[in-house]
Structures are given as C-alpha cells and as structure tokens.
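To start, the structure under review is shown below, and the notes come after it.
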Amino acid sequence: GWTNDPGARLHAHKTGKGAKATRAMGAKRFAYLERCADKSDALRREAALKKLPKAQKERLCAAWAAAGRPFAGETE
C-alpha cells in the first residue's frame, strides 16, 4: 500500500486498525519501503511491484534489508 505517513500506517497495522490481512496476521515491521515523488508515482510503483513474481519481490525485500532498510528508521 501507499501512505504519506509510514509511521502512522505501521502503528495502525500493529494495533489491529490496518488492512484486514494485517489484522489477521499481525505486522512487526515493513518488508519493503521506498519513497516516491507523489501519490500518483506511488500508486504506479505499487501496481508494478504487485505484478512482480514472488521470487523477485523476495529479492527486492532482501536487498532493501541488506542496504540497512533505508527510510525505515524514520518510522519505526
């Protein structure tokens, strides 16, 4: 999903007020986070990410984690 306040979004997911899937499974931290120029770019990027094969998504998340999870420190 997209948000302009990742910290609030993560808090909502952690407290059971987020999406139905995260209410059922819980959320501890972001699997992947990136900045986009605006909402339109974010929605396009989200659509592109959702079309990736699972293995590619897992590599993207692993690379993000290996890079020190940029931007996550601002929200967690």
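To be explicit about the labels: the chains of the structure tokens are called A, B, and onward in the order shown, and within each one the residues are counted from 1, while ligands get numbers from 1 in the order they are shown.
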* Would you mind writing down, as a count of residues only, each residue of chain A that DSSP on the backbone assigns to alpha helix (DSSP H)? => 41
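If only C-alpha atoms are the atoms counted, then among A:Glu46, A:Arg9, A:Tyr32, A:Ala37 the closest residue to Ala66 of chain A is A:Tyr32.
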* Of the candidates A:Trp2, A:Met25, A:Ala8, A:Phe30, which one gets nearest to Ala72 of chain A if we count only C-alpha atoms? -> A:Phe30
* Nearest to Leu43 of chain A: which of A:His13, A:Asn4, A:Cys61, A:Arg29 is it, counting only C-alpha atoms? -> A:Asn4
* To do: Quick one: pull the distance between atom CA of Ala42 of chain A and atom CA of Ala55 of chain A, Å, one decimal.
  => 21.6 Å
* Asked: For Lys28 of chain A, which residue among A:Ala48, A:Gly1, A:Gly68, A:Gly7 is the nearest when counting only C-alpha atoms?
  ->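 The shortest atom-to-atom distance to Lys28 of chain A comes from A:Gly7.
With atom CA of Leu33 of chain A on one side and atom CA of Ala62 of chain A on the other, the separation reads 11.7 Å.
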